[in-house]
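This report refers to the structure that appears directly beneath it.
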Amino acid sequence: PNITPPPGLAAACGFPFTYDATATGTPPFNWSLLDAPAGMTIDSIGRITWPDPIVSDSSYAFSVSAQSECSLVTDTESIVLRVVSAFWA
C-alpha cells in the first residue's frame with residue numbers, strides 16, 4: 001500500500017478528533033498506530049479517533065501504518081497533530 005500523506009492536522013481540546021487515513025494498493029489493509037498519544041486508536045478501515053485530545057506545548061508526532069493482507073507489503077506515514085484550546089480569551 002501507499003498511504004496518502006495527511007494535510008496539516010489540528011484538534012481542539014474537549015472535542016473528539018477523527019481522521020480517515022487512506023491508502024492506495026491492494027486492500028484489505030491492516031492498520032496500526034505507532035507512538036500515538038494515550039487513548040488514540042485506529043480501526044479496521046483506517047479511521048483514527050482520539051476521544052479526549054489534550055493541549056500540549058508541542059505537537060504530537062506519531063505514525064500510521066498500513067499492511068496489505070494480500071501482499072504483506074507495509075507503508076508507514078508520519079503524522080503531526082496540533083491540539084489547541086477550544087476557548088479563546
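Just remember, in the C-alpha cells the first chain shown is A, the second B, etc., residues are 1-based per chain, and ligands are 1-based in the order shown.
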Residues of stretch 1-21 of chain A that have any atom at most 12 Å from an atom of stretch 61-70 of chain A: could you tabulate them with the shortest-distance atom pair and the distance in Å to one decimal, using only C-alpha atoms, ordered by chain and increasing number, as a tab-separated table?
```
residue	atom	partner	partner_atom	distance
A:Pro1	CA	A:Ser68	CA	6.2
A:Asn2	CA	A:Ala66	CA	8.0
A:Ile3	CA	A:Ala66	CA	7.1
A:Thr4	CA	A:Val64	CA	10.5
A:Pro5	CA	A:Val64	CA	10.0
A:Pro6	CA	A:Val64	CA	10.3
A:Gly8	CA	A:Ala61	CA	11.7
A:Leu9	CA	A:Ala61	CA	10.8
A:Ala10	CA	A:Ala61	CA	11.9
A:Tyr19	CA	A:Val64	CA	11.3
A:Asp20	CA	A:Val64	CA	10.9
A:Ala21	CA	A:Val64	CA	8.1
```
Those of chain A in DSSP strand (DSSP E or B), formatted as a PyMOL selection string: chain A and resi 2-3+9-12+17-20+23-24+29-34+41-42+47-50+60-68+74-84
Give me a file of those residues, with C-alpha atoms, as a PDB file, in the first residue's frame.
```pdb
ATOM      1  CA  ASN A   2       0.866   3.639  -0.297  1.00  0.00           C
ATOM      2  CA  ILE A   3      -0.612   5.817   2.482  1.00  0.00           C
ATOM      3  CA  LEU A   9      -3.900  18.265  11.244  1.00  0.00           C
ATOM      4  CA  ALA A  10      -5.304  20.064  14.273  1.00  0.00           C
ATOM      5  CA  ALA A  11      -7.675  19.101  17.067  1.00  0.00           C
ATOM      6  CA  ALA A  12      -9.485  21.116  19.720  1.00  0.00           C
ATOM      7  CA  PHE A  17     -10.707  14.086  16.966  1.00  0.00           C
ATOM      8  CA  THR A  18     -11.246  11.850  13.929  1.00  0.00           C
ATOM      9  CA  TYR A  19      -9.256  11.437  10.734  1.00  0.00           C
ATOM     10  CA  ASP A  20      -9.724   8.856   7.975  1.00  0.00           C
ATOM     11  CA  ALA A  23      -4.058   4.229   1.115  1.00  0.00           C
ATOM     12  CA  THR A  24      -3.773   3.011  -2.449  1.00  0.00           C
ATOM     13  CA  PHE A  29      -5.286  -3.323   4.854  1.00  0.00           C
ATOM     14  CA  ASN A  30      -4.307  -3.960   8.455  1.00  0.00           C
ATOM     15  CA  TRP A  31      -3.971  -0.514  10.046  1.00  0.00           C
ATOM     16  CA  SER A  32      -1.912   0.327  13.132  1.00  0.00           C
ATOM     17  CA  LEU A  33      -0.590   3.332  15.054  1.00  0.00           C
ATOM     18  CA  LEU A  34       2.973   3.758  16.314  1.00  0.00           C
ATOM     19  CA  THR A  41      -6.960   4.311  18.240  1.00  0.00           C
ATOM     20  CA  ILE A  42      -7.283   3.253  14.602  1.00  0.00           C
ATOM     21  CA  ARG A  47     -10.322   5.781  10.987  1.00  0.00           C
ATOM     22  CA  ILE A  48      -8.155   7.405  13.665  1.00  0.00           C
ATOM     23  CA  THR A  49     -10.050   8.538  16.745  1.00  0.00           C
ATOM     24  CA  TRP A  50      -8.998  10.317  19.918  1.00  0.00           C
ATOM     25  CA  TYR A  60       2.018  15.240  18.879  1.00  0.00           C
ATOM     26  CA  ALA A  61       4.112  13.191  16.444  1.00  0.00           C
ATOM     27  CA  PHE A  62       3.124   9.606  15.667  1.00  0.00           C
ATOM     28  CA  SER A  63       2.926   7.246  12.693  1.00  0.00           C
ATOM     29  CA  VAL A  64       0.194   5.320  10.930  1.00  0.00           C
ATOM     30  CA  SER A  65       0.985   2.039   9.198  1.00  0.00           C
ATOM     31  CA  ALA A  66      -0.955   0.024   6.623  1.00  0.00           C
ATOM     32  CA  GLN A  67      -0.123  -3.537   5.656  1.00  0.00           C
ATOM     33  CA  SER A  68      -1.796  -5.259   2.710  1.00  0.00           C
ATOM     34  CA  THR A  74       3.699  -2.256   4.580  1.00  0.00           C
ATOM     35  CA  ASP A  75       3.802   1.537   4.311  1.00  0.00           C
ATOM     36  CA  THR A  76       4.224   3.937   7.237  1.00  0.00           C
ATOM     37  CA  GLU A  77       3.474   7.662   7.244  1.00  0.00           C
ATOM     38  CA  SER A  78       4.452  10.192   9.923  1.00  0.00           C
ATOM     39  CA  ILE A  79       1.709  12.458  11.282  1.00  0.00           C
ATOM     40  CA  VAL A  80       1.973  15.650  13.313  1.00  0.00           C
ATOM     41  CA  LEU A  81      -1.123  16.751  15.222  1.00  0.00           C
ATOM     42  CA  ARG A  82      -1.515  20.076  16.988  1.00  0.00           C
ATOM     43  CA  VAL A  83      -4.091  20.337  19.797  1.00  0.00           C
ATOM     44  CA  VAL A  84      -5.383  23.799  20.609  1.00  0.00           C
TER      45      VAL A  84
END
```
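Coordinates place atom CA of A:Gly14 at a distance of 13.7 Å from atom CA of A:Gly39.
The coordinates place atom CA of A:Ser85 at 12.7 Å from atom CA of A:Pro16.
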Atomic separation - atom CA of A:Ala36 relative to atom CA of A:Pro53, Å: 11.6 Å
